[in-house]
Structure formats: structure tokens, C-alpha cells
file start_8.tsv (TSV, C-alpha atoms)
chain	number	residue	atom	x	y	z
A	27	MET	CA	18.39	-0.76	-26.02
A	28	ALA	CA	20.24	-0.25	-22.74
A	29	THR	CA	18.23	1.25	-19.91
A	30	ALA	CA	19.46	4.05	-17.68
A	31	ALA	CA	20.34	3.20	-14.10
A	32	PRO	CA	17.88	4.63	-11.56
A	33	SER	CA	18.92	7.78	-9.71
A	34	ALA	CA	19.98	7.55	-6.08
A	35	ALA	CA	16.73	9.17	-4.98
A	36	SER	CA	14.58	6.64	-6.78
A	37	ARG	CA	16.49	3.36	-6.69
A	38	ILE	CA	14.39	1.54	-4.06
A	39	ALA	CA	11.68	-0.68	-5.56
A	40	VAL	CA	9.04	-2.40	-3.41
A	41	VAL	CA	7.57	-5.54	-4.95
A	42	THR	CA	4.45	-7.12	-3.44
A	43	GLY	CA	3.65	-10.77	-3.95
A	44	ALA	CA	7.36	-11.43	-4.48
A	45	SER	CA	7.38	-15.01	-3.20
A	46	GLY	CA	6.97	-16.54	-6.65
A	47	GLY	CA	5.81	-16.15	-10.23
A	48	ILE	CA	5.68	-12.67	-11.74
A	49	GLY	CA	6.63	-10.97	-8.47
A	50	ALA	CA	9.83	-12.95	-7.98
A	51	ALA	CA	10.80	-12.61	-11.63
A	52	THR	CA	10.20	-8.85	-11.51
A	53	ALA	CA	12.34	-8.51	-8.39
A	54	ARG	CA	15.21	-10.27	-10.15
A	55	ARG	CA	14.86	-8.07	-13.23
A	56	LEU	CA	14.70	-4.82	-11.25
A	57	ALA	CA	17.72	-5.82	-9.18
A	58	SER	CA	19.64	-6.47	-12.40
A	59	ALA	CA	18.58	-3.00	-13.60
A	60	GLY	CA	20.19	-1.42	-10.54
A	61	TYR	CA	17.33	-1.13	-8.07
A	62	ARG	CA	17.50	-2.03	-4.40
A	63	VAL	CA	14.49	-4.32	-4.18
A	64	VAL	CA	12.32	-4.79	-1.11
A	65	LEU	CA	10.53	-8.12	-1.36
A	66	THR	CA	7.18	-8.44	0.36
A	67	ALA	CA	4.85	-11.44	0.63
A	68	ARG	CA	3.22	-13.56	3.31
A	69	ARG	CA	5.61	-16.48	2.81
A	70	LYS	CA	8.69	-15.28	4.67
A	71	ASP	CA	10.86	-18.27	3.80
A	72	ARG	CA	10.32	-17.75	0.07
A	73	ILE	CA	11.22	-14.08	0.01
A	74	GLU	CA	14.22	-14.57	2.30
A	75	ALA	CA	15.56	-17.23	-0.07
A	76	LEU	CA	15.00	-14.91	-3.04
A	77	ALA	CA	16.76	-12.04	-1.26
A	78	GLU	CA	19.75	-14.30	-0.60
A	79	GLU	CA	19.79	-15.32	-4.26
A	80	ILE	CA	19.70	-11.72	-5.50
A	81	ASN	CA	22.37	-10.57	-3.05
A	82	ALA	CA	24.60	-13.51	-3.95
A	83	THR	CA	24.52	-12.52	-7.61
A	84	GLY	CA	25.51	-8.90	-7.02
A	85	GLY	CA	22.12	-7.28	-6.51
A	86	GLN	CA	20.62	-5.66	-3.44
A	87	ALA	CA	17.51	-7.14	-1.84
A	88	THR	CA	15.72	-7.14	1.50
A	89	ALA	CA	12.85	-9.40	2.54
A	90	TYR	CA	9.89	-8.20	4.61
A	91	ALA	CA	7.01	-10.54	5.46
A	92	LEU	CA	3.78	-8.64	4.77
A	93	ASP	CA	0.11	-9.29	4.09
A	94	VAL	CA	-1.09	-6.33	2.00
A	95	THR	CA	-4.66	-6.83	3.21
A	96	ASP	CA	-3.55	-6.02	6.79
A	97	ARG	CA	-3.71	-2.23	6.82
A	98	ALA	CA	-2.02	-1.81	10.20
A	99	ALA	CA	0.91	-3.97	9.07
A	100	VAL	CA	1.15	-2.06	5.78
A	101	ASP	CA	1.22	1.29	7.58
A	102	GLU	CA	3.96	0.04	9.90
A	103	PHE	CA	5.97	-1.19	6.91
A	104	ALA	CA	5.66	2.19	5.21
A	105	THR	CA	7.26	4.03	8.15
A	106	ALA	CA	10.62	2.55	7.14
A	107	PHE	CA	10.78	4.70	4.00
A	108	LYS	CA	11.23	8.43	3.49
A	109	THR	CA	11.52	7.96	-0.26
A	110	ILE	CA	11.10	5.10	-2.69
A	111	GLY	CA	11.23	5.10	-6.45
A	112	VAL	CA	9.01	2.24	-7.54
A	113	LEU	CA	6.06	0.29	-6.19
A	114	ILE	CA	5.10	-2.90	-8.00
A	115	ASN	CA	1.56	-3.90	-7.00
A	116	ASN	CA	1.72	-7.57	-7.94
A	117	ALA	CA	0.03	-9.32	-5.00
A	118	GLY	CA	-3.28	-10.83	-6.03
A	119	GLY	CA	-4.57	-13.99	-7.63
A	120	ALA	CA	-7.66	-15.94	-8.64
A	121	LEU	CA	-9.87	-18.41	-6.78
A	122	GLY	CA	-12.36	-20.67	-8.51
A	123	ALA	CA	-13.96	-20.64	-11.94
A	124	ASP	CA	-17.62	-21.01	-11.04
A	125	PRO	CA	-20.50	-19.20	-12.76
A	126	VAL	CA	-22.12	-16.25	-11.03
A	127	ALA	CA	-25.06	-18.42	-10.01
A	128	THR	CA	-22.92	-20.71	-7.84
A	129	GLY	CA	-19.77	-18.71	-7.13
A	130	ASP	CA	-18.51	-18.74	-3.55
A	131	PRO	CA	-18.89	-15.26	-1.98
A	132	ALA	CA	-15.90	-16.01	0.27
A	133	ASP	CA	-13.70	-16.49	-2.82
A	134	TRP	CA	-15.01	-13.25	-4.33
A	135	ARG	CA	-14.28	-11.40	-1.10
A	136	THR	CA	-10.74	-12.78	-0.88
A	137	MET	CA	-10.01	-11.84	-4.49
A	138	TYR	CA	-11.34	-8.33	-3.97
A	139	GLU	CA	-9.37	-7.86	-0.77
A	140	THR	CA	-6.07	-9.01	-2.28
A	141	ASN	CA	-6.33	-7.58	-5.79
A	142	VAL	CA	-8.05	-4.28	-4.98
A	143	LEU	CA	-7.88	-3.41	-1.29
A	144	GLY	CA	-4.34	-4.78	-0.99
A	145	THR	CA	-3.28	-2.54	-3.87
A	146	LEU	CA	-5.12	0.37	-2.28
A	147	ASN	CA	-3.50	-0.18	1.12
A	148	ILE	CA	0.10	-0.29	-0.04
A	149	THR	CA	-0.34	2.47	-2.62
A	150	GLN	CA	-1.89	4.85	-0.10
A	151	ALA	CA	0.77	4.05	2.48
A	152	LEU	CA	3.73	4.54	0.13
A	153	LEU	CA	2.43	7.39	-2.07
A	154	PRO	CA	4.05	10.08	0.13
A	155	ALA	CA	7.44	8.35	-0.17
A	156	LEU	CA	6.99	7.91	-3.92
A	157	THR	CA	6.17	11.61	-4.27
A	158	ALA	CA	9.09	12.63	-2.03
A	159	SER	CA	11.52	10.80	-4.32
A	160	GLY	CA	10.79	13.35	-7.05
A	161	ASP	CA	10.58	10.54	-9.57
A	162	GLY	CA	8.15	7.86	-8.44
A	163	THR	CA	6.42	5.06	-10.33
A	164	VAL	CA	3.39	3.03	-9.30
A	165	VAL	CA	2.86	-0.16	-11.28
A	166	VAL	CA	-0.40	-2.10	-11.05
A	167	VAL	CA	-0.12	-5.62	-12.41
A	168	SER	CA	-3.70	-6.27	-13.43
A	169	SER	CA	-4.79	-8.78	-16.07
A	170	THR	CA	-6.54	-8.96	-19.39
A	171	ALA	CA	-9.41	-10.11	-17.14
A	172	GLY	CA	-9.63	-6.48	-16.08
A	173	HIS	CA	-10.50	-5.48	-19.63
A	174	GLY	CA	-12.86	-8.20	-20.82
A	175	THR	CA	-15.05	-10.78	-19.17
A	176	TYR	CA	-15.36	-14.51	-19.77
A	177	GLU	CA	-17.63	-17.26	-18.51
A	178	GLY	CA	-16.62	-18.72	-15.18
A	179	GLY	CA	-14.35	-15.83	-14.38
A	180	ALA	CA	-16.69	-13.21	-12.93
A	181	GLY	CA	-15.14	-13.02	-9.47
A	182	TYR	CA	-11.61	-12.60	-10.78
A	183	VAL	CA	-12.78	-10.36	-13.60
A	184	ALA	CA	-14.56	-8.09	-11.11
A	185	ALA	CA	-11.47	-7.87	-8.92
A	186	LYS	CA	-9.13	-7.10	-11.81
A	187	HIS	CA	-11.56	-4.53	-13.19
A	188	GLY	CA	-11.28	-2.92	-9.77
A	189	ALA	CA	-7.48	-2.90	-9.98
A	190	HIS	CA	-7.64	-1.41	-13.49
A	191	VAL	CA	-10.02	1.35	-12.41
A	192	LEU	CA	-7.90	2.10	-9.35
A	193	ALA	CA	-4.84	2.67	-11.58
A	194	GLU	CA	-6.77	4.74	-14.10
A	195	THR	CA	-8.34	6.95	-11.45
A	196	LEU	CA	-5.11	7.43	-9.50
A	197	ARG	CA	-3.39	8.63	-12.67
A	198	LEU	CA	-6.06	11.31	-13.10
A	199	GLU	CA	-5.91	12.38	-9.47
A	200	ILE	CA	-2.15	12.79	-9.14
A	201	VAL	CA	-1.33	14.26	-12.55
A	202	GLY	CA	1.11	17.12	-12.02
A	203	THR	CA	2.98	15.30	-9.27
A	204	PRO	CA	6.31	13.51	-9.95
A	205	VAL	CA	4.68	10.06	-9.91
A	206	ARG	CA	3.77	7.92	-12.90
A	207	VAL	CA	1.03	5.27	-12.84
A	208	ILE	CA	1.59	2.28	-15.11
A	209	GLU	CA	-0.75	-0.66	-15.63
A	210	VAL	CA	0.56	-3.92	-17.08
A	211	ALA	CA	-2.19	-6.39	-17.99
A	212	PRO	CA	-0.90	-9.90	-18.77
A	213	GLY	CA	-2.92	-12.51	-20.58
A	214	MET	CA	-2.17	-16.23	-20.33
A	215	VAL	CA	0.91	-16.70	-18.13
A	216	LYS	CA	2.02	-20.18	-17.13
A	217	THR	CA	3.53	-20.19	-13.64
A	218	ASP	CA	3.92	-22.92	-11.05
A	219	GLU	CA	1.09	-21.69	-8.85
A	220	PHE	CA	-1.51	-19.42	-10.46
A	221	ALA	CA	-3.86	-22.00	-11.99
A	222	LEU	CA	-3.09	-24.56	-9.29
A	223	THR	CA	-4.18	-22.09	-6.61
A	224	ARG	CA	-7.23	-21.09	-8.61
A	225	PHE	CA	-8.43	-24.68	-8.75
A	226	GLY	CA	-7.71	-25.53	-5.13
A	227	GLY	CA	-4.64	-27.65	-5.87
A	228	ASP	CA	-6.31	-29.72	-8.61
A	229	ALA	CA	-3.36	-30.32	-10.96
A	230	GLU	CA	-5.52	-31.83	-13.70
A	231	LYS	CA	-7.78	-28.78	-13.92
A	232	ALA	CA	-4.78	-26.46	-13.76
A	233	ALA	CA	-3.07	-28.26	-16.63
A	234	LYS	CA	-6.16	-27.90	-18.86
A	235	VAL	CA	-5.77	-24.11	-18.79
A	236	TYR	CA	-2.60	-24.40	-20.84
A	237	ALA	CA	-3.38	-27.61	-22.77
A	238	GLY	CA	-2.23	-27.39	-26.37
A	239	VAL	CA	-0.86	-23.84	-26.06
A	240	ALA	CA	2.64	-24.08	-27.48
A	241	GLU	CA	4.11	-21.06	-25.73
A	242	PRO	CA	2.09	-19.31	-23.04
A	243	LEU	CA	3.84	-16.35	-21.45
A	244	THR	CA	6.31	-16.99	-18.65
A	245	ALA	CA	6.70	-14.98	-15.47
A	246	ASP	CA	9.97	-13.64	-16.86
A	247	ASP	CA	8.22	-12.40	-20.02
A	248	VAL	CA	5.95	-10.26	-17.87
A	249	ALA	CA	8.80	-9.18	-15.61
A	250	ASP	CA	10.76	-8.04	-18.66
A	251	THR	CA	7.75	-6.01	-19.80
A	252	ILE	CA	7.31	-4.42	-16.36
A	253	THR	CA	10.99	-3.54	-16.11
A	254	TRP	CA	10.96	-2.01	-19.58
A	255	ALA	CA	8.01	0.22	-18.66
A	256	VAL	CA	9.57	1.26	-15.34
A	257	THR	CA	12.92	2.15	-16.91
A	258	ARG	CA	11.55	4.50	-19.58
A	259	PRO	CA	12.60	8.15	-19.16
A	260	SER	CA	10.72	9.88	-16.35
A	261	HIS	CA	8.50	11.90	-18.69
A	262	VAL	CA	7.31	8.74	-20.48
A	263	ASN	CA	4.27	7.08	-18.89
A	264	ILE	CA	3.15	3.70	-20.21
A	265	ASP	CA	-0.49	4.09	-19.18
A	266	LEU	CA	-1.57	0.58	-20.14
A	267	LEU	CA	0.37	-2.29	-21.64
A	268	VAL	CA	-1.50	-5.48	-22.54
A	269	VAL	CA	0.77	-8.46	-23.12
A	270	ARG	CA	-0.42	-11.84	-24.35
A	271	PRO	CA	1.18	-14.89	-25.93
A	272	ARG	CA	0.90	-15.01	-29.72
A	273	ALA	CA	-1.50	-17.95	-29.39
A	274	GLN	CA	-4.03	-15.89	-27.44
A	275	ALA	CA	-6.10	-13.39	-29.38
A	276	SER	CA	-8.51	-12.62	-26.53
A	277	ASN	CA	-9.63	-14.01	-23.18
A	278	THR	CA	-11.85	-16.47	-25.04
A	279	LYS	CA	-9.91	-17.07	-28.27
A	280	VAL	CA	-6.83	-19.26	-27.82
A	281	HIS	CA	-5.11	-21.40	-30.44
A	282	ARG	CA	-4.52	-24.90	-29.09
A	283	GLU	CA	-2.63	-27.65	-30.90
A	284	LEU	CA	-4.53	-30.68	-29.60

call {"tool": "encode", "arguments": {"input": "start_8.tsv", "output": "C-alpha cells"}}
result
Amino acid sequence: MATAAPSAASRIAVVTGASGGIGAATARRLASAGYRVVLTARRKDRIEALAEEINATGGQATAYALDVTDRAAVDEFATAFKTIGVLINNAGGALGADPVATGDPADWRTMYETNVLGTLNITQALLPALTASGDGTVVVVSSTAGHGTYEGGAGYVAAKHGAHVLAETLRLEIVGTPVRVIEVAPGMVKTDEFALTRFGGDAEKAAKVYAGVAEPLTADDVADTITWAVTRPSHVNIDLLVVRPRAQASNTKVHREL
């Protein structure tokens, strides 16, 4: 089904964590759907290259280097916008897979700051512009980890539970305003960096996450899902959309062909 082009008042979409993976794929998809995308991430070279790619293929994109955990920088970024239509809260990630007994508090803190406080910072800063558009959408890219725990994942699970609760509570608090709150919770997604970052660059450990899984989700699968939710008619709110590969029945039940 074809999707309607965004209105002029709501055609700017800010994507956090746009330097790779789901964020970059979502930026490409939204640009193809007619949005002017603003790419934010810490890695300036990555988002500038992506902006060039999108612009070269007929889309509209701007790159802005930003660390969402830096509140002063986020507030300064937000002053550039009177209205925006869409905010994609994608910045986040996982560090480590240790049990609670030996987990590194520094890793837990970093995950909480990026997944929860980063989402809080940019959402608070841009909520007035989203409301002013008359047709705003906040998307929180959480995880199935935000809806069910698993051994060795407590730090990430706690952070993604925080992101889930933030989205759920915000929806209650702003009902009646022209802003939707959508949560997309992906399961197993194979990207170039997620598992590698989680395991401190250990390629062998990262590969084991996906071992034997014929078709884990791709970043573009999730981006397609996000774009579909964003481009529903304004009165349609996709509160929560959980998306997993067919081979994954739960966080702890995965079919592997080994």
C-alpha cells in the first residue's frame, strides 16, 4: 500500500544514532518517503557521508554531530527548529553480557545514559517543536529486551525497560496533544556493529549471537517497520510493535540450524 507524503508542516524527521545500523537504514527509508531527514550521531564523518548519499539519490538530508547524553548540546541543537514532524529515538546500544553478580557498573551507567537519558534529553528538547507542527510523532526504538529478561542481559534489559516505560508514560501524559508516541521493539537484528560493540570488539563472541540463525532481521527490516508506523494516518497510533525474525520465538527461544 502506498503511503501518503508528509505535510509541509511535518516533513522534518530527526534521527538519532544515524551513523549506522537501524538509524542509517531508517534515515534512508524516511528520505524515500518524502521527509527531510536530520541525521545525528557522534561520528560526524559517518553521518556526513550518509547525508551526501541521500542527497545524491534525490532525498534531502542534513548531518549534525550530536551526543544525546550531552544535555547542553541537545538544547542548542533544538533551537534550530520551530517545528518538526518526527523524532526517531534510535541512539542506544548494549555493553557486556555479564551476570548481575559481576556486571560492570560503568557499562550499566553508560547503557542507561544512552538508552534512557539520551532519549529523555532529545525528546524533552524537541517536544515543543513536535507539538507546534500540529502533527508530531515520537518513535522510541526499544528492544524485546525491554519486555522480557534473559540471563546475562540485565544491564541492557534494565536500560531498555526504562526506554519502554518512558514511551508508555509519555503517551499517557501528552494524550490530547497532536503528538503520537510509537514504540518499536526489535528482536534479533544482525548489523555490523551491535554485537561487536557489546562484546568489546570480540568478533568470535559476536558471531555466536547469530550462529545457525538462517535469517535474523536486518537493519532495513526494522527501518521498514518504523517507516510504516510513522506513515500511518495521523489518527492511527501504533503504541507498540514487536518485530522478530521467524526463527526467534522469544528472547531465550531461538531456532538454530547447527

call {"tool": "closest_atom_pairs", "arguments": {"input": "start_8.tsv", "of": "stretch 63-175 of chain A", "to": "stretch 192-205 of chain A", "cutoff": "10 Å", "atoms": "only C-alpha atoms", "output": "CSV"}}
result
residue,atom,partner,partner_atom,distance
A:Gly111,CA,A:Val205,CA,8.9
A:Val112,CA,A:Val205,CA,9.2
A:Val142,CA,A:Leu192,CA,7.7
A:Leu143,CA,A:Leu192,CA,9.8
A:Thr145,CA,A:Leu192,CA,8.5
A:Leu146,CA,A:Leu192,CA,7.8
A:Thr149,CA,A:Leu196,CA,9.7
A:Leu153,CA,A:Val205,CA,8.6
A:Leu156,CA,A:Val205,CA,6.8
A:Thr157,CA,A:Pro204,CA,6.0
A:Ala158,CA,A:Pro204,CA,8.4
A:Ser159,CA,A:Pro204,CA,8.1
A:Gly160,CA,A:Pro204,CA,5.3
A:Asp161,CA,A:Pro204,CA,5.2
A:Gly162,CA,A:Val205,CA,4.4
A:Thr163,CA,A:Val205,CA,5.3
A:Val164,CA,A:Val205,CA,7.2
A:Val165,CA,A:Ala193,CA,8.2
A:Val166,CA,A:Ala193,CA,6.5
A:Val167,CA,A:Ala193,CA,9.6
A:Ser168,CA,A:Ala193,CA,9.2

call {"tool": "residues_around", "arguments": {"input": "start_8.tsv", "residues": "A:Gln86", "least_positions_apart": "5", "cutoff": "12 Å", "atoms": "only C-alpha atoms", "output": "short mmCIF file (atom, residue, chain, number, x, y, z; two decimals) with C-alpha atoms, in the frame of the given file"}}
result
data_model
loop_
_atom_site.label_atom_id
_atom_site.label_comp_id
_atom_site.auth_asym_id
_atom_site.auth_seq_id
_atom_site.Cartn_x
_atom_site.Cartn_y
_atom_site.Cartn_z
CA ARG A 37 16.49 3.36 -6.69
CA ILE A 38 14.39 1.54 -4.06
CA ALA A 39 11.68 -0.68 -5.56
CA ALA A 53 12.34 -8.51 -8.39
CA ARG A 54 15.21 -10.27 -10.15
CA ARG A 55 14.86 -8.07 -13.23
CA LEU A 56 14.70 -4.82 -11.25
CA ALA A 57 17.72 -5.82 -9.18
CA SER A 58 19.64 -6.47 -12.40
CA ALA A 59 18.58 -3.00 -13.60
CA GLY A 60 20.19 -1.42 -10.54
CA TYR A 61 17.33 -1.13 -8.07
CA ARG A 62 17.50 -2.03 -4.40
CA VAL A 63 14.49 -4.32 -4.18
CA VAL A 64 12.32 -4.79 -1.11
CA LEU A 65 10.53 -8.12 -1.36
CA LEU A 76 15.00 -14.91 -3.04
CA ALA A 77 16.76 -12.04 -1.26
CA GLU A 78 19.75 -14.30 -0.60
CA GLU A 79 19.79 -15.32 -4.26
CA ILE A 80 19.70 -11.72 -5.50
CA ASN A 81 22.37 -10.57 -3.05
#

call {"tool": "atom_distance", "arguments": {"input": "start_8.tsv", "atom1": "atom CA of A:Ala89", "atom2": "atom CA of A:Ala249"}}
result
18.6 Å

call {"tool": "residues_around", "arguments": {"input": "start_8.tsv", "residues": "A:Ala106", "least_positions_apart": "5", "cutoff": "12 Å", "atoms": "all atoms listed in the file", "output": "list in words"}}
result
Ile38, Val40, Val64, Tyr90, Ala99, Val100, Asp101, Ala151, Leu152 and Ala155 of chain A

call {"tool": "closest_residue", "arguments": {"input": "start_8.tsv", "among": "A:Asp96, A:Glu74, A:Asp247, A:Asp133", "to": "A:Gly213", "atoms": "all atoms listed in the file"}}
result
A:Asp247

call {"tool": "closest_residue", "arguments": {"input": "start_8.tsv", "among": "A:Val94, A:Val256, A:Val183, A:Ala51", "to": "A:Pro125", "atoms": "all atoms listed in the file"}}
result
A:Val183

call {"tool": "closest_residue", "arguments": {"input": "start_8.tsv", "among": "A:Ala255, A:Ala245, A:Gly188, A:Gly178", "to": "A:Ala44", "atoms": "all atoms listed in the file"}}
result
A:Ala245

call {"tool": "atom_distance", "arguments": {"input": "start_8.tsv", "atom1": "atom CA of A:Val210", "atom2": "atom CA of A:Trp254"}}
result
10.9 Å

call {"tool": "axis_aligned_box", "arguments": {"input": "start_8.tsv", "around": "stretch 156-171 of chain A", "padding_each_side": "4 Å", "output": "AutoDock Vina command-line options"}}
result
--center_x 1.1 --center_y 1.6 --center_z -10.7 --size_x 28.9 --size_y 31.5 --size_z 25.4

call {"tool": "closest_residue", "arguments": {"input": "start_8.tsv", "among": "A:Asp250, A:Gly226, A:Ala275, A:Ser260", "to": "A:Met214", "atoms": "only C-alpha atoms"}}
result
A:Ala275

call {"tool": "atom_distance", "arguments": {"input": "start_8.tsv", "atom1": "atom CA of A:Leu113", "atom2": "atom CA of A:Arg272"}}
result
28.5 Å

call {"tool": "closest_residue", "arguments": {"input": "start_8.tsv", "among": "A:Gly181, A:Gly43, A:Gly227, A:Pro271", "to": "A:Ala123", "atoms": "only C-alpha atoms"}}
result
A:Gly181

call {"tool": "residues_around", "arguments": {"input": "start_8.tsv", "residues": "stretch 221-224 of chain A", "least_positions_apart": "4", "cutoff": "12 Å", "atoms": "only C-alpha atoms", "output": "MDAnalysis selection string"}}
result
chainID A and resid 47 118:124 133:134 136:137 178:179 181:182 214:217 228:236

call {"tool": "write_last_selection", "arguments": {"input": "start_8.tsv", "atoms": "C-alpha atoms", "output": "JSON list (two decimals), in the frame of the given file"}}
result
[["chain", "number", "residue", "atom", "x", "y", "z"],
["A", 47, "GLY", "CA", 5.81, -16.15, -10.23],
["A", 118, "GLY", "CA", -3.28, -10.83, -6.03],
["A", 119, "GLY", "CA", -4.57, -13.99, -7.63],
["A", 120, "ALA", "CA", -7.66, -15.94, -8.64],
["A", 121, "LEU", "CA", -9.87, -18.41, -6.78],
["A", 122, "GLY", "CA", -12.36, -20.67, -8.51],
["A", 123, "ALA", "CA", -13.96, -20.64, -11.94],
["A", 124, "ASP", "CA", -17.62, -21.01, -11.04],
["A", 133, "ASP", "CA", -13.70, -16.49, -2.82],
["A", 134, "TRP", "CA", -15.01, -13.25, -4.33],
["A", 136, "THR", "CA", -10.74, -12.78, -0.88],
["A", 137, "MET", "CA", -10.01, -11.84, -4.49],
["A", 178, "GLY", "CA", -16.62, -18.72, -15.18],
["A", 179, "GLY", "CA", -14.35, -15.83, -14.38],
["A", 181, "GLY", "CA", -15.14, -13.02, -9.47],
["A", 182, "TYR", "CA", -11.61, -12.60, -10.78],
["A", 214, "MET", "CA", -2.17, -16.23, -20.33],
["A", 215, "VAL", "CA", 0.91, -16.70, -18.13],
["A", 216, "LYS", "CA", 2.02, -20.18, -17.13],
["A", 217, "THR", "CA", 3.53, -20.19, -13.64],
["A", 228, "ASP", "CA", -6.31, -29.72, -8.61],
["A", 229, "ALA", "CA", -3.36, -30.32, -10.96],
["A", 230, "GLU", "CA", -5.52, -31.83, -13.70],
["A", 231, "LYS", "CA", -7.78, -28.78, -13.92],
["A", 232, "ALA", "CA", -4.78, -26.46, -13.76],
["A", 233, "ALA", "CA", -3.07, -28.26, -16.63],
["A", 234, "LYS", "CA", -6.16, -27.90, -18.86],
["A", 235, "VAL", "CA", -5.77, -24.11, -18.79],
["A", 236, "TYR", "CA", -2.60, -24.40, -20.84]]

call {"tool": "residues_around", "arguments": {"input": "start_8.tsv", "residues": "A:Pro212", "least_positions_apart": "3", "cutoff": "6 Å", "atoms": "all atoms listed in the file", "output": "VMD selection string"}}
result
chain A and resid 169 to 170 268 to 270
